[in-house]
Structures are given as structure tokens and as C-alpha cells.
>>> print(open('query_1.txt').read())   # compact mmCIF, C-alpha atoms and all ligand atoms
# COMPACT_ATOMS: atom_id res chain seq x y z
CA MET V 15 44.55 -35.80 47.04
CA ASN V 16 42.27 -37.49 44.51
CA HIS V 17 43.44 -37.29 40.89
CA ILE V 18 40.15 -37.20 38.99
CA ILE V 19 39.67 -36.68 35.28
CA ILE V 20 36.10 -36.18 34.08
CA ASN V 21 35.93 -36.47 30.32
CA LYS V 22 33.22 -37.95 28.14
CA ASP V 23 35.97 -39.24 25.85
CA PHE V 24 37.32 -41.87 28.22
CA ARG V 25 39.61 -43.32 25.52
CA ASN V 26 41.69 -40.14 25.45
CA SER V 27 41.82 -39.95 29.26
CA ILE V 28 43.21 -43.47 29.51
CA LEU V 29 45.74 -43.00 26.72
CA GLU V 30 47.00 -39.71 28.12
CA PHE V 31 47.35 -41.18 31.59
CA ILE V 32 49.26 -44.23 30.34
CA LYS V 33 51.49 -42.08 28.13
CA SER V 34 52.50 -40.02 31.16
CA LYS V 35 53.91 -43.14 32.91
CA LYS V 36 56.10 -46.07 31.92
CA TYR V 37 54.30 -49.25 32.88
CA SER V 38 55.86 -52.73 32.54
CA GLN V 39 52.43 -54.38 32.05
CA ILE V 40 48.80 -53.32 31.99
CA ILE V 41 46.05 -55.49 33.42
CA VAL V 42 42.33 -54.72 33.22
CA LEU V 43 40.07 -56.15 35.92
CA VAL V 44 36.47 -56.73 34.77
CA ASP V 45 33.46 -58.85 35.63
CA GLU V 46 31.36 -60.64 33.01
CA ASN V 47 29.04 -57.61 32.71
CA THR V 48 31.70 -54.95 32.27
CA ASN V 49 33.59 -57.26 29.90
CA LYS V 50 30.50 -57.59 27.72
CA HIS V 51 28.88 -54.17 28.02
CA CYS V 52 31.90 -51.91 28.45
CA CYS V 53 34.94 -53.68 26.96
CA GLU V 54 33.14 -55.10 23.93
CA ARG V 55 30.45 -52.52 23.29
CA LEU V 56 32.77 -49.56 23.74
CA ALA V 57 35.63 -51.27 21.86
CA PHE V 58 37.87 -50.97 24.89
CA LYS V 59 40.28 -53.62 23.64
CA SER V 60 40.96 -52.02 20.29
CA PHE V 61 42.35 -48.71 21.53
CA LEU V 62 44.09 -49.73 24.75
CA PRO V 63 47.80 -50.66 24.34
CA LYS V 64 48.83 -54.29 24.91
CA HIS V 65 47.11 -55.56 28.05
CA GLU V 66 45.71 -58.68 29.72
CA LEU V 67 42.24 -59.14 31.20
CA ILE V 68 41.35 -60.67 34.53
CA GLU V 69 37.65 -61.49 34.65
CA ILE V 70 35.83 -62.28 37.88
CA LYS V 71 32.16 -63.04 38.57
CA SER V 72 29.93 -60.02 39.20
CA GLY V 73 28.07 -59.30 42.45
CA GLU V 74 28.62 -58.19 46.03
CA GLU V 75 28.79 -61.86 47.12
CA GLU V 76 32.05 -62.17 45.14
CA LYS V 77 33.71 -59.33 47.07
CA ASN V 78 35.63 -61.64 49.38
CA LEU V 79 38.99 -63.17 50.16
CA SER V 80 38.58 -66.13 47.75
CA THR V 81 38.16 -63.74 44.81
CA CYS V 82 41.18 -61.72 45.98
CA ILE V 83 43.20 -64.96 46.02
CA GLN V 84 42.15 -65.63 42.41
CA ILE V 85 43.22 -62.10 41.43
CA TRP V 86 46.58 -62.29 43.27
CA GLN V 87 47.22 -65.73 41.72
CA LYS V 88 46.59 -64.37 38.22
CA MET V 89 48.84 -61.37 38.90
CA THR V 90 51.55 -63.76 40.08
CA ASP V 91 51.09 -66.08 37.04
CA MET V 92 51.40 -63.03 34.79
CA GLU V 93 54.65 -62.16 36.62
CA LEU V 94 53.55 -58.60 37.35
CA ASP V 95 56.28 -56.48 38.90
CA ARG V 96 55.88 -53.29 40.88
CA LYS V 97 55.85 -51.20 37.70
CA ALA V 98 52.60 -52.79 36.51
CA LEU V 99 49.25 -50.97 36.30
CA LEU V 100 45.86 -52.40 37.24
CA ILE V 101 42.84 -50.75 35.59
CA ASN V 102 39.62 -51.46 37.50
CA LEU V 103 36.78 -51.25 35.00
CA GLY V 104 33.45 -51.65 36.74
CA GLY V 105 31.19 -50.68 39.61
CA GLY V 106 31.93 -50.48 43.32
CA VAL V 107 32.81 -54.16 43.77
CA ILE V 108 35.48 -54.11 41.04
CA GLY V 109 36.87 -50.77 42.26
CA ASP V 110 36.97 -51.65 45.97
CA MET V 111 38.34 -55.17 45.52
CA GLY V 112 40.65 -54.42 42.58
CA GLY V 113 42.08 -51.42 44.44
CA PHE V 114 42.58 -53.57 47.54
CA CYS V 115 44.38 -56.28 45.53
CA ALA V 116 46.58 -53.71 43.77
CA SER V 117 47.45 -51.96 47.06
CA THR V 118 48.58 -55.17 48.72
CA TYR V 119 50.20 -57.06 45.79
CA LYS V 120 53.98 -56.82 46.35
CA ARG V 121 53.12 -54.00 48.82
CA GLY V 122 51.39 -51.97 46.15
CA ILE V 123 51.26 -51.33 42.42
CA ASP V 124 49.58 -48.42 40.61
CA PHE V 125 45.87 -48.69 39.91
CA ILE V 126 43.26 -46.54 38.26
CA GLN V 127 39.51 -46.62 38.71
CA ILE V 128 37.22 -46.39 35.70
CA PRO V 129 33.78 -46.44 37.32
CA THR V 130 31.00 -47.70 35.04
CA THR V 131 27.97 -47.14 37.30
CA LEU V 132 26.51 -43.87 38.55
CA LEU V 133 26.95 -45.11 42.11
CA SER V 134 30.65 -45.82 41.71
CA MET V 135 31.23 -42.56 39.79
CA VAL V 136 29.79 -40.34 42.50
CA ASP V 137 30.81 -42.40 45.52
CA ALA V 138 33.04 -45.50 45.61
CA SER V 139 35.71 -44.47 43.11
CA VAL V 140 36.60 -41.23 44.94
CA GLY V 141 38.31 -41.09 48.33
CA GLY V 142 40.41 -44.25 48.46
CA LYS V 143 38.27 -46.60 50.58
CA LEU V 144 39.25 -50.08 49.37
CA GLY V 145 38.35 -53.48 50.69
CA ILE V 146 36.26 -56.60 50.82
CA ASP V 147 33.44 -58.14 52.84
CA PHE V 148 34.30 -60.69 55.53
CA SER V 149 32.18 -63.69 56.46
CA PHE V 150 32.35 -66.13 59.32
CA ASP V 151 29.86 -67.97 61.58
CA ASN V 152 27.07 -67.19 59.05
CA ASN V 153 27.61 -63.44 59.38
CA THR V 154 28.84 -61.16 56.62
CA PHE V 155 30.47 -57.89 57.58
CA LYS V 156 30.49 -55.40 54.70
CA ASN V 157 33.80 -53.72 53.84
CA HIS V 158 35.25 -55.18 57.03
CA ILE V 159 38.78 -55.77 55.74
CA GLY V 160 40.42 -52.98 53.80
CA VAL V 161 42.75 -50.02 53.52
CA PHE V 162 42.67 -46.37 52.58
CA ARG V 163 44.71 -45.70 49.44
CA VAL V 164 43.88 -43.08 46.88
CA PRO V 165 43.96 -44.43 43.29
CA ASP V 166 46.62 -43.09 40.93
CA ALA V 167 43.76 -41.72 38.85
CA VAL V 168 39.98 -41.87 38.60
CA LEU V 169 38.79 -41.56 35.01
CA VAL V 170 35.11 -40.70 34.83
CA SER V 171 33.07 -40.84 31.63
CA THR V 172 29.28 -40.60 31.58
CA GLU V 173 29.39 -42.59 28.34
CA PHE V 174 29.32 -45.74 30.50
CA LEU V 175 25.95 -44.71 31.95
CA LYS V 176 24.35 -45.65 28.64
CA THR V 177 25.10 -49.28 29.47
CA LEU V 178 23.00 -49.14 32.67
CA PRO V 179 19.36 -50.02 33.38
CA ASN V 180 17.22 -47.28 34.93
CA SER V 181 17.10 -49.04 38.28
CA GLU V 182 20.90 -48.72 38.56
CA LEU V 183 20.77 -45.03 37.63
CA ARG V 184 18.13 -44.45 40.29
CA SER V 185 20.25 -46.29 42.84
CA GLY V 186 23.29 -44.08 42.19
CA PHE V 187 21.11 -40.98 42.22
CA ALA V 188 20.49 -41.40 45.98
CA GLU V 189 24.13 -40.46 46.61
CA VAL V 190 23.67 -37.39 44.39
CA ILE V 191 20.68 -36.33 46.52
CA LYS V 192 22.74 -36.95 49.67
CA HIS V 193 25.62 -34.80 48.44
CA CYS V 194 23.23 -31.89 47.76
CA LEU V 195 21.55 -32.21 51.15
CA ILE V 196 24.82 -32.30 53.12
CA ALA V 197 26.78 -29.70 51.17
CA ASP V 198 24.84 -27.60 48.64
CA ALA V 199 21.42 -26.14 49.47
CA ASP V 200 21.14 -24.34 46.10
CA LYS V 201 21.75 -27.53 44.16
CA TRP V 202 19.14 -29.27 46.31
CA LYS V 203 16.66 -26.50 45.37
CA SER V 204 17.47 -27.00 41.69
CA LEU V 205 16.89 -30.77 42.00
CA VAL V 206 13.48 -30.08 43.53
CA VAL V 207 12.58 -27.66 40.74
CA SER V 208 13.73 -30.05 38.02
CA LEU V 209 11.65 -32.88 39.49
CA GLN V 210 8.61 -31.38 37.81
CA SER V 211 10.25 -31.95 34.43
CA LEU V 212 11.23 -35.55 35.17
CA ASN V 213 9.15 -38.45 34.16
CA VAL V 214 9.17 -40.23 37.47
CA SER V 215 5.61 -41.49 37.38
CA ASP V 216 6.70 -44.89 36.07
CA GLY V 217 9.77 -44.99 38.28
CA THR V 218 12.18 -43.96 35.52
CA LEU V 219 14.74 -41.27 35.83
CA SER V 220 16.59 -40.68 32.61
CA ILE V 221 14.48 -37.87 31.15
CA GLY V 222 15.62 -34.36 31.85
CA ILE V 223 18.69 -35.16 33.92
CA ASP V 224 22.00 -33.67 32.87
CA PHE V 225 24.25 -36.47 34.07
CA GLU V 226 27.44 -34.62 33.13
CA ASP V 227 26.40 -31.85 35.50
CA ILE V 228 25.25 -33.95 38.45
CA VAL V 229 28.19 -36.35 38.24
CA SER V 230 30.80 -33.59 38.28
CA HIS V 231 28.92 -31.71 41.01
CA SER V 232 28.78 -34.79 43.25
CA ILE V 233 32.41 -35.69 42.60
CA GLN V 234 33.49 -32.15 43.54
CA ILE V 235 31.71 -32.45 46.88
CA LYS V 236 33.08 -35.90 47.64
CA ASP V 237 36.58 -34.89 46.53
CA LYS V 238 36.58 -31.79 48.77
CA ILE V 239 35.42 -33.72 51.84
CA THR V 240 37.75 -36.72 51.36
CA THR V 241 40.76 -34.51 50.60
CA GLU V 242 40.16 -32.63 53.84
CA ASP V 243 39.61 -35.80 55.88
CA PRO V 244 40.93 -38.82 53.95
CA THR V 245 40.76 -41.34 56.82
CA GLU V 246 37.36 -40.39 58.27
CA LYS V 247 38.48 -38.83 61.53
CA GLY V 248 35.70 -36.21 61.36
CA LEU V 249 34.25 -34.38 58.35
CA ARG V 250 34.15 -37.50 56.12
CA LYS V 251 31.57 -38.95 58.52
CA THR V 252 29.04 -36.51 57.01
CA LEU V 253 29.05 -38.73 53.89
CA ASN V 254 27.22 -41.27 56.02
CA PHE V 255 24.06 -39.18 56.17
CA GLY V 256 21.15 -41.52 55.32
CA HIS V 257 23.39 -44.56 55.66
CA THR V 258 22.97 -45.65 59.30
CA LEU V 259 19.31 -46.59 58.99
CA GLY V 260 19.75 -47.00 55.21
CA HIS V 261 22.39 -49.73 55.62
CA ALA V 262 20.29 -51.42 58.29
CA VAL V 263 17.29 -51.49 55.92
CA GLU V 264 19.53 -52.76 53.10
CA SER V 265 20.98 -55.55 55.28
CA PHE V 266 17.54 -56.51 56.58
CA TYR V 267 16.13 -56.95 53.06
CA LEU V 268 19.27 -58.82 51.91
CA ASN V 269 18.03 -61.75 53.96
CA THR V 270 14.56 -61.68 52.36
CA SER V 271 13.21 -62.23 48.84
CA GLU V 272 12.71 -58.44 48.41
CA LYS V 273 16.30 -57.30 47.99
CA LEU V 274 16.81 -53.56 47.61
CA LEU V 275 19.48 -51.83 45.56
CA HIS V 276 21.87 -49.79 47.71
CA GLY V 277 20.39 -46.42 46.68
CA GLU V 278 16.82 -47.60 47.23
CA ALA V 279 17.70 -48.38 50.85
CA ILE V 280 19.65 -45.13 51.25
CA ALA V 281 16.58 -43.24 50.00
CA VAL V 282 14.64 -44.73 52.94
CA GLY V 283 17.54 -43.80 55.23
CA ILE V 284 17.56 -40.19 53.99
CA ILE V 285 13.87 -39.74 54.85
CA CYS V 286 14.24 -41.36 58.29
CA GLU V 287 17.38 -39.45 59.16
CA SER V 288 15.88 -36.15 57.94
CA TYR V 289 13.07 -36.88 60.42
CA LEU V 290 15.77 -37.17 63.14
CA SER V 291 17.15 -33.78 61.97
CA LEU V 292 13.68 -32.28 62.43
CA LYS V 293 13.42 -33.77 65.92
CA ARG V 294 16.72 -32.03 66.81
CA ASN V 295 15.42 -28.74 65.37
CA LEU V 296 18.05 -28.83 62.63
CA ILE V 297 15.59 -28.55 59.72
CA SER V 298 11.99 -27.34 59.44
CA GLU V 299 8.74 -29.29 58.95
CA GLU V 300 8.64 -27.79 55.43
CA ASP V 301 12.16 -29.12 54.67
CA LEU V 302 11.23 -32.60 55.84
CA LYS V 303 8.05 -32.56 53.77
CA GLN V 304 9.98 -31.50 50.66
CA ILE V 305 12.68 -34.15 51.14
CA SER V 306 10.09 -36.90 51.78
CA GLU V 307 7.95 -35.91 48.78
CA TYR V 308 10.95 -35.71 46.47
CA ILE V 309 12.35 -39.08 47.48
CA LEU V 310 8.99 -40.84 47.38
CA SER V 311 8.32 -39.50 43.87
CA VAL V 312 11.63 -40.81 42.60
CA TYR V 313 11.83 -44.09 44.54
CA GLY V 314 8.27 -44.96 45.54
CA LYS V 315 7.63 -46.53 48.90
CA VAL V 316 9.38 -49.55 50.39
CA ILE V 317 6.86 -51.55 52.38
CA ILE V 318 8.34 -51.92 55.87
CA GLN V 319 6.32 -53.86 58.44
CA ASN V 320 6.01 -52.54 61.99
CA HIS V 321 6.98 -55.94 63.37
CA ASP V 322 10.36 -55.75 61.54
CA LEU V 323 11.46 -52.46 63.10
CA ASP V 324 13.30 -53.98 66.09
CA ALA V 325 15.27 -56.28 63.79
CA ILE V 326 16.21 -53.33 61.55
CA ILE V 327 17.27 -51.23 64.55
CA GLU V 328 19.35 -54.14 65.88
CA LEU V 329 21.35 -54.05 62.62
CA THR V 330 22.45 -50.43 63.26
CA LYS V 331 24.67 -51.83 66.04
CA GLN V 332 27.01 -53.16 63.31
CA ASP V 333 27.62 -49.68 61.89
CA LYS V 334 31.34 -48.87 61.56
CA LYS V 335 30.83 -45.31 62.85
CA ASN V 336 29.60 -46.44 66.25
CA GLU V 337 31.73 -45.54 69.22
CA TYR V 338 31.61 -46.84 72.81
CA SER V 339 28.56 -48.96 71.87
CA GLU V 340 26.56 -45.88 70.91
CA VAL V 341 24.96 -45.62 67.48
CA GLN V 342 26.26 -42.41 65.90
CA PHE V 343 24.53 -40.54 63.11
CA ALA V 344 25.42 -37.82 60.63
CA LEU V 345 22.43 -35.44 60.48
CA ILE V 346 21.75 -32.58 58.10
CA GLY V 347 20.73 -29.15 59.24
CA PRO V 348 20.29 -26.56 57.97
CA ILE V 349 20.05 -28.10 54.48
CA GLY V 350 23.43 -27.88 52.76
CA THR V 351 25.31 -28.58 56.01
CA CYS V 352 25.73 -31.71 58.08
CA GLY V 353 26.90 -32.60 61.59
CA TYR V 354 28.30 -35.94 62.71
CA GLY V 355 28.93 -38.05 65.80
CA ILE V 356 25.33 -37.51 66.96
CA THR V 357 24.13 -40.26 69.29
CA VAL V 358 20.59 -41.46 68.62
CA GLU V 359 18.61 -43.74 70.93
CA GLU V 360 16.70 -46.81 69.71
CA LYS V 361 13.38 -45.17 70.61
CA GLU V 362 14.13 -42.26 68.27
CA MET V 363 15.18 -44.61 65.46
CA LYS V 364 11.89 -46.43 65.84
CA GLU V 365 9.98 -43.15 65.64
CA ALA V 366 11.90 -42.24 62.47
CA LEU V 367 11.07 -45.57 60.80
CA GLU V 368 7.42 -45.19 61.88
CA TYR V 369 7.39 -41.75 60.26
CA TYR V 370 8.60 -43.38 57.00
CA ILE V 371 5.91 -46.07 57.23
CA LYS V 372 3.17 -43.45 57.75
CA THR V 373 4.36 -41.00 55.07
CA VAL V 374 2.34 -41.20 51.87
N1 LIG V 401 30.91 -43.72 51.02
C1 LIG V 401 31.34 -42.91 52.07
C2 LIG V 401 32.79 -42.60 52.04
O1 LIG V 401 33.46 -42.82 51.05
O2 LIG V 401 33.30 -42.13 53.02
>>> encode(input="query_1.txt", output="C-alpha cells", more="lines below")
Ligand code: GLY
Amino acid sequence: MNHIIINKDFRNSILEFIKSKKYSQIIVLVDENTNKHCCERLAFKSFLPKHELIEIKSGEEEKNLSTCIQIWQKMTDMELDRKALLINLGGGVIGDMGGFCASTYKRGIDFIQIPTTLLSMVDASVGGKLGIDFSFDNNTFKNHIGVFRVPDAVLVSTEFLKTLPNSELRSGFAEVIKHCLIADADKWKSLVVSLQSLNVSDGTLSIGIDFEDIVSHSIQIKDKITTEDPTEKGLRKTLNFGHTLGHAVESFYLNTSEKLLHGEAIAVGIICESYLSLKRNLISEEDLKQISEYILSVYGKVIIQNHDLDAIIELTKQDKKNEYSEVQFALIGPIGTCGYGITVEEKEMKEALEYYIKTV
């Protein structure tokens, strides 16, 4: 069961949580960005009781075993015992890796997640997936080593969103769209209606969005699904809608000069996988048109070349949901519901990517 507190006044949430326990030491894990923009700007240090900071470098490329070793070494130098608390203040990398280090240090100490990005608020911080990327022989496998362990608390405050550039907000927003499409048709309709009031023409997002509302709505959906199926035996797989082709597109562009943010790639994945839903008669032509138009107005178009499609499809073979060498998808249909464990052939994936390329 996820213990989530959504409160704009994050200072109170932290103090109340700490007061309810008796910790021997408090450590805050940050990267240089969250240290500067969240700790300093939001005067984190001045209200939090006595604590130490561990700062690591920011970025997905730091989410590896060497950084974990640095964290475990610092925890050991600080003589943390099992009654210590680790506060992970940051985005998905800090939360996933900090949670992993806390869960394994002396077989586990308490940790709380304070997500500072929209993406980590609505996705990574809820549901207890913790871990790091693993590289060898020039390959990097994302989230390859890890555990499931639900944090002792997740403290969510939209105040942190003020520290983010628009591109990061847009990236996190793709998971919000996904949650509506897989679990709440009415909320999807309201997103479509509110699009008219958004200023998306210049690729910005901030105007007209009630972040308090969409963050708590998304967290409720993710919480319900991950409480029902914490270790992804079934229902939790629906959270992967948009992610099979989306991850493949993200990985493909990681190796080029045109890197995409996670949500920008998932937006491509949502269009392609909605096309697959149409092909299986799970949604209508009208639904697909609406989803495609909405996503393209918010995210614009990623230029994918026809000659790159085979390489992108090849990358879907690395997906963690695959079983018996078959690539398995989660597909929506009707909107507001989602199935999982649906095998899709390479030919169909190619057709879906071609649909994306052709859609204006
Ligand atoms: N991000 C998908 C999940 O937590 O299962």
C-alpha cells in the first residue's frame, strides 16, 4: 500500500512525517540541480531538523552501480544505523536509485520520496519500483537491476513544479495523458476540451492547466493499480501503454544527436499504440484521430525516417514485458480501459510507426 501525502505545503508534510517516527539520523539525497533549485530556493535546509546531504551528479547516465557505491560509502562513513531515514529529493533518477540504496543498505532503512518533477510525481515515486541501469559490452539495460519496495511515504507538492522548465512539464504530462486513456474516459474528454484553452501553439503547456488536479488524479490511478498488483503480475502491465514503441523510440534517439525527453518519446508511443488498438477494433477511427490530434498539438511531430523503422522495432525485443520471445503490448480500448499481454508482430509495429510518420 502506497502512503502518499499530497500537500502544497511540503514543509508541513515532512515535519509531520518525521515527528511521527524516531529516526537516529536523517540524510537527504540530492543532485546538483535539486540542491540548487529545491534545497536552496525553497529553503529546505532551514526548516528540516538536523540532517546531512549526499549530493550526486544529475542525469540518467549516473543511475548506475558506481553511483550506488558512492552513496553506500557515504552512508557507511556517516555511520547510519537501521533507524536512519533517507529522503530522496529529486526526479526519477534520485528516487529510483536512492530508494534502491536505502532498501539494500544493512538490508533496508526507511526512505521517503519527495518527487520534484511532474514525471516523478505522477509515475516513478508511486508503486515501489526501485533500481538502476546496468551496462556491459557497450549495452545499457534500463532499470535492469532493482527491487520492488514501497517507500515509507511519498510527499507530493506541486510547489516544486515552479522550478521546472516547460519541456520537463510537457514530458511528465505524457504520463498524465496515459493515465486518462487507460483508466478514465471522462478525464480524457476533459483534457481534450481544455486543450482549446491551452497555449500550445509555441509548444508551451503551463497556461490553463490545474496541476494540483491532474497530479492528484494521476496519482490516484497509479496508486489504485499498483496497490492491486504491486509486482506487475497482471494489471500493472497496463501502465506500459505507449511504452513499448515509446521506449524503443527513446532508446533509438539516445544514440543520436536528437535526444528526446522520456515523455516526448512516450507521446509517439501513445499514437502508435492507439493505432494498434484501432487495428484490433478496440477503439474507433474517431478516437484515434482525437488522440493523434491532441498529442501532436501538445508535442509536435518527431521526425522519424522510414529507413530507421527496422532498428526501432529491433529495440522492442529488449522490453521487460516480453514473454517467450514475443513482444507484448498493453493496448487501450475502449478508452478508459486497457488490456495487456497482447502479442504484436513486427509487421504491425511497422504499420503503426508508418501511421505516425504519415499523420499530420
Ligand atoms: N512506470 C510503470 C510502473 O510503475 O509500473
>>> atom_distance(input="query_1.txt", atom1="CA of Phe162 in chain V", atom2="CA of Ile123 in chain V")
14.2 Å
>>> closest_atom_pairs(input="query_1.txt", of="chain V", to="ligand LIG 401 (chain V)", cutoff="9 Å", atoms="all atoms listed in the file", output="JSON lines")
{"residue": "V:Asp137", "atom": "CA", "partner": "V:LIG401", "partner_atom": "N1", "distance": 5.7}
{"residue": "V:Ala138", "atom": "CA", "partner": "V:LIG401", "partner_atom": "O1", "distance": 6.1}
{"residue": "V:Ser139", "atom": "CA", "partner": "V:LIG401", "partner_atom": "O1", "distance": 8.4}
{"residue": "V:Val140", "atom": "CA", "partner": "V:LIG401", "partner_atom": "O1", "distance": 7.1}
{"residue": "V:Gly141", "atom": "CA", "partner": "V:LIG401", "partner_atom": "O1", "distance": 5.8}
{"residue": "V:Gly142", "atom": "CA", "partner": "V:LIG401", "partner_atom": "O1", "distance": 7.6}
{"residue": "V:Lys143", "atom": "CA", "partner": "V:LIG401", "partner_atom": "O1", "distance": 6.1}
{"residue": "V:Glu189", "atom": "CA", "partner": "V:LIG401", "partner_atom": "N1", "distance": 8.7}
{"residue": "V:Lys236", "atom": "CA", "partner": "V:LIG401", "partner_atom": "O1", "distance": 7.7}
{"residue": "V:Ile239", "atom": "CA", "partner": "V:LIG401", "partner_atom": "O2", "distance": 8.8}
{"residue": "V:Thr240", "atom": "CA", "partner": "V:LIG401", "partner_atom": "O2", "distance": 7.2}
{"residue": "V:Pro244", "atom": "CA", "partner": "V:LIG401", "partner_atom": "O2", "distance": 8.4}
{"residue": "V:Thr245", "atom": "CA", "partner": "V:LIG401", "partner_atom": "O2", "distance": 8.4}
{"residue": "V:Glu246", "atom": "CA", "partner": "V:LIG401", "partner_atom": "O2", "distance": 6.9}
{"residue": "V:Arg250", "atom": "CA", "partner": "V:LIG401", "partner_atom": "O2", "distance": 5.6}
{"residue": "V:Lys251", "atom": "CA", "partner": "V:LIG401", "partner_atom": "O2", "distance": 6.6}
{"residue": "V:Thr252", "atom": "CA", "partner": "V:LIG401", "partner_atom": "O2", "distance": 8.1}
{"residue": "V:Leu253", "atom": "CA", "partner": "V:LIG401", "partner_atom": "C1", "distance": 5.1}
{"residue": "V:Asn254", "atom": "CA", "partner": "V:LIG401", "partner_atom": "C1", "distance": 5.9}
{"residue": "V:His257", "atom": "CA", "partner": "V:LIG401", "partner_atom": "N1", "distance": 8.9}
>>> write_last_selection(input="query_1.txt", atoms="C-alpha atoms", output="compact mmCIF listing (two decimals), keeping the file's coordinate frame")
# COMPACT_ATOMS: atom_id res chain seq x y z
CA ASP V 137 30.81 -42.40 45.52
CA ALA V 138 33.04 -45.50 45.61
CA SER V 139 35.71 -44.47 43.11
CA VAL V 140 36.60 -41.23 44.94
CA GLY V 141 38.31 -41.09 48.33
CA GLY V 142 40.41 -44.25 48.46
CA LYS V 143 38.27 -46.60 50.58
CA GLU V 189 24.13 -40.46 46.61
CA LYS V 236 33.08 -35.90 47.64
CA ILE V 239 35.42 -33.72 51.84
CA THR V 240 37.75 -36.72 51.36
CA PRO V 244 40.93 -38.82 53.95
CA THR V 245 40.76 -41.34 56.82
CA GLU V 246 37.36 -40.39 58.27
CA ARG V 250 34.15 -37.50 56.12
CA LYS V 251 31.57 -38.95 58.52
CA THR V 252 29.04 -36.51 57.01
CA LEU V 253 29.05 -38.73 53.89
CA ASN V 254 27.22 -41.27 56.02
CA HIS V 257 23.39 -44.56 55.66
>>> residues_around(input="query_1.txt", residues="Asp200 in chain V", least_positions_apart="6", cutoff="10 Å", atoms="only C-alpha atoms", output="CSV table (one decimal) with C-alpha atoms, in the coordinates of the input")
chain,number,residue,atom,x,y,z
V,194,CYS,CA,23.2,-31.9,47.8
V,206,VAL,CA,13.5,-30.1,43.5
V,349,ILE,CA,20.0,-28.1,54.5
V,350,GLY,CA,23.4,-27.9,52.8
>>> closest_residue(input="query_1.txt", among="V:Ser185, V:Ser232, V:Thr130, V:Asn78", to="Gly160 in chain V", atoms="all atoms listed in the file")
V:Asn78
>>> residues_near_point(input="query_1.txt", point="(43.8, -55.1, 46.6)", cutoff="12 Å", atoms="only C-alpha atoms", output="PyMOL selection string")
chain V and resi 43+77-79+81-86+89+100-102+107-126+142-146+159-163+165
>>> residues_around(input="query_1.txt", residues="Lys36 in chain V", least_positions_apart="4", cutoff="10 Å", atoms="all atoms listed in the file", output="VMD selection string")
chain V and resid 32 97 to 99
>>> atom_distance(input="query_1.txt", atom1="CA of Lys335 in chain V", atom2="CA of Ser80 in chain V")
26.9 Å
>>> atom_distance(input="query_1.txt", atom1="CA of His261 in chain V", atom2="CA of Tyr289 in chain V")
16.6 Å
>>> residues_around(input="query_1.txt", residues="Lys331 in chain V", least_positions_apart="2", cutoff="12 Å", atoms="all atoms listed in the file", output="list in words")
Phe155, Thr258, Leu259, His261, Ala262, Ser265, Asp324, Ala325, Ile326, Ile327, Glu328, Leu329, Asp333, Lys334, Lys335, Asn336, Glu337, Tyr338, Ser339, Glu340, Val341, Gln342, Phe343, Val358, Glu359, Glu360 and Met363 of chain V
>>> residues_around(input="query_1.txt", residues="Glu307 in chain V", least_positions_apart="4", cutoff="12 Å", atoms="all atoms listed in the file", output="VMD selection string")
chain V and resid 206 209 to 210 281 to 282 284 to 285 300 to 303 311 to 315 370 373 to 374
>>> residues_around(input="query_1.txt", residues="Asn21 in chain V", least_positions_apart="4", cutoff="12 Å", atoms="all atoms listed in the file", output="PyMOL selection string")
chain V and resi 25-28+30+128+168-174+226-227+229-230
>>> decode(input="query_1.txt", residues="range 286-302 of chain V", atoms="C-alpha atoms", output="mmCIF file, in the first residue's frame")
data_model
loop_
_atom_site.group_PDB
_atom_site.id
_atom_site.type_symbol
_atom_site.label_atom_id
_atom_site.label_comp_id
_atom_site.auth_asym_id
_atom_site.auth_seq_id
_atom_site.Cartn_x
_atom_site.Cartn_y
_atom_site.Cartn_z
ATOM 1 C CA CYS V 286 1.424 4.302 -32.493
ATOM 2 C CA GLU V 287 -0.104 2.007 -29.906
ATOM 3 C CA SER V 288 -3.527 3.662 -30.256
ATOM 4 C CA TYR V 289 -3.220 2.791 -33.957
ATOM 5 C CA LEU V 290 -2.671 -0.855 -32.894
ATOM 6 C CA SER V 291 -5.824 -0.581 -30.717
ATOM 7 C CA LEU V 292 -7.758 0.569 -33.792
ATOM 8 C CA LYS V 293 -6.403 -2.351 -35.824
ATOM 9 C CA ARG V 294 -7.732 -4.726 -33.123
ATOM 10 C CA ASN V 295 -11.125 -2.968 -33.189
ATOM 11 C CA LEU V 296 -10.635 -1.759 -29.625
ATOM 12 C CA ILE V 297 -11.145 1.942 -30.397
ATOM 13 C CA SER V 298 -12.797 3.825 -33.277
ATOM 14 C CA GLU V 299 -11.260 5.832 -36.143
ATOM 15 C CA GLU V 300 -12.667 8.939 -34.411
ATOM 16 C CA ASP V 301 -10.888 8.026 -31.129
ATOM 17 C CA LEU V 302 -7.579 7.548 -32.923
#
